[in-house]
Structure formats: structure tokens, C-alpha cells
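S.K.: This is the structure I want to talk about, given as C-alpha cells.
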Amino acid sequence: MNGPSEFERRVIAAVRRIPPGRVATYGDVAALAGKPRAARAVGNIMRTAGVPGVPCHRVIGAGGAIGGFGGNVQMKRELLRAEGIEVGIGRVRGFERLRWRPTRRA
DNA sequence: AATCTGACTGTTG
DNA sequence: CCAACAGCCAGAT
């Protein structure tokens with residue numbers, strides 16, 4: 001059984017070092033992993049990994065799209081709010097959108 | 001090895 | 001401002 005690939009490990013490490021109260025976009029994490037264009041792959045890893053201790057709820061879409069959270073988007077929003085990030089409800093390509101603006105570049 | 005999928009993103013209409 | 005389309009990427013089947 002193959003362990004996590006280097007890319008996956010890098011992505012997890014990047015997400016892991018996102019400080020509380022701060023967030024990063026999938027593109028930012030991808031860039032930190034060395035592939036600024038692999039935002040989609042990052043999302044896939046978040047979806048499959050599900051590693052405890054990784055604040056995956058701090059990773060959001062570039063336009064403020066909250067993405068997913070095992071379908072518990074509400075919980076993800078609550079977690080972000082618990083970290084002092086007030087979010088509003090909007091709509092970005094059919095997904096929920098946060099009112100706050102991502103830092104763009106961790 | 002080829003094909004499909006999707007927690008993305010930027011551009012167009 | 002919102003919806004749809006196209007482009008890109010790594011992992012899974």
C-alpha cells in the first residue's frame with residue numbers, strides 16, 4: 001500500500017500550517033505545494049484525505065466559495081465563525097459564498 | 001494505458 | 001450580479 005504521495009504530503013503540510021483565524025484558498029495551498037494550477041487536485045485530496053488535525057475547514061474557494069465539507073457546509077461555516085471570521089450568505093456558481101475576502105497568498 | 005471524476009479558477013454571456 | 005463554458009491537475013477506476 002502506497003503511502004501518501006509527495007504532493008499530497010505537501011498539501012497536507014501546507015493546510016496544517018494555516019494559523020487559526022486565517023484561511024487560504026485551494027489555489028494558495030496548491031501554490032504552497034508547488035503546483036499553483038493544481039487547486040482542483042488539492043480539493044480532491046481534501047475530500048479523500050480527511051486526516052484529523054488538518055484544519056481543512058480553513059481552506060476555501062478563491063471567490064469565497066465555501067466548497068464542501070462532507071456536505072456539512074453549515075458546520076464548516078460555523079467553524080470559521082468560531083475562529084472570528086464572520087461570514088455572509090451569497091451565491092457563487094451555485095455554491096455558498098463567504099462575505100469576507102480571502103487573503104490570496106498565505 | 002485510457003477514461004472519469006471533482007471540496008477549483010478565470011473568462012464570457 | 002449570476003449562470004454557463006472551458007482549461008488544468010492529481011488521484012481513482
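Letters A, B, ... mark the chains of the C-alpha cells in the order given; residue numbers begin at 1 per chain; ligand numbers begin at 1, in order shown.
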Could you list, as a PyMOL selection string, the residues of chain B having an atom within 10 Å of chain A when counting only C-alpha atoms (C1' of nucleotides)?
M.R.: chain B and resi 5-9
S.K.: Give me the chain C side of the contact with chain A, cut-off 10 Å, one line per residue showing its nearest atom pair and distance in Å at one decimal, counting only C-alpha atoms (C1' of nucleotides), sorted by chain and residue number, as a Markdown table.
M.R.:
```
| residue | atom | partner | partner_atom | distance |
| --- | --- | --- | --- | --- |
| C:DC1 | C1' | A:Arg91 | CA | 9.6 |
| C:DC2 | C1' | A:Arg93 | CA | 7.5 |
| C:DA3 | C1' | A:Arg93 | CA | 6.9 |
| C:DA4 | C1' | A:Arg93 | CA | 9.1 |
| C:DC8 | C1' | A:Arg37 | CA | 6.5 |
| C:DC9 | C1' | A:Ala38 | CA | 4.8 |
| C:DA10 | C1' | A:Ala41 | CA | 5.0 |
| C:DG11 | C1' | A:Asn44 | CA | 7.6 |
```
S.K.: Taking the chain letters and numbering used in this document, name the residues of chain A that DSSP puts in strand (DSSP E or B), as a list in words.
M.R.: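 So the strand (DSSP E or B) residues in chain A would be Ala24, Thr25, Val59, Ile60, Ala65, Val92, Phe95 and Arg97 of chain A.
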S.K.: As a ChimeraX atom specification, please: every residue in range 6-103 of chain A that a backbone DSSP assignment puts in helix (DSSP H, G or I).
M.R.: /A:6-16,26-32,39-49,56-58,73-82
S.K.: What's around DT3 in chain B at 12 Å? Count only C-alpha atoms (C1' of nucleotides), leave out sequence neighbours fewer than 2 positions away in its own chain, and write the answer as a VMD selection string.
M.R.: (chain B and resid 1 5) or (chain C and resid 12 to 13)
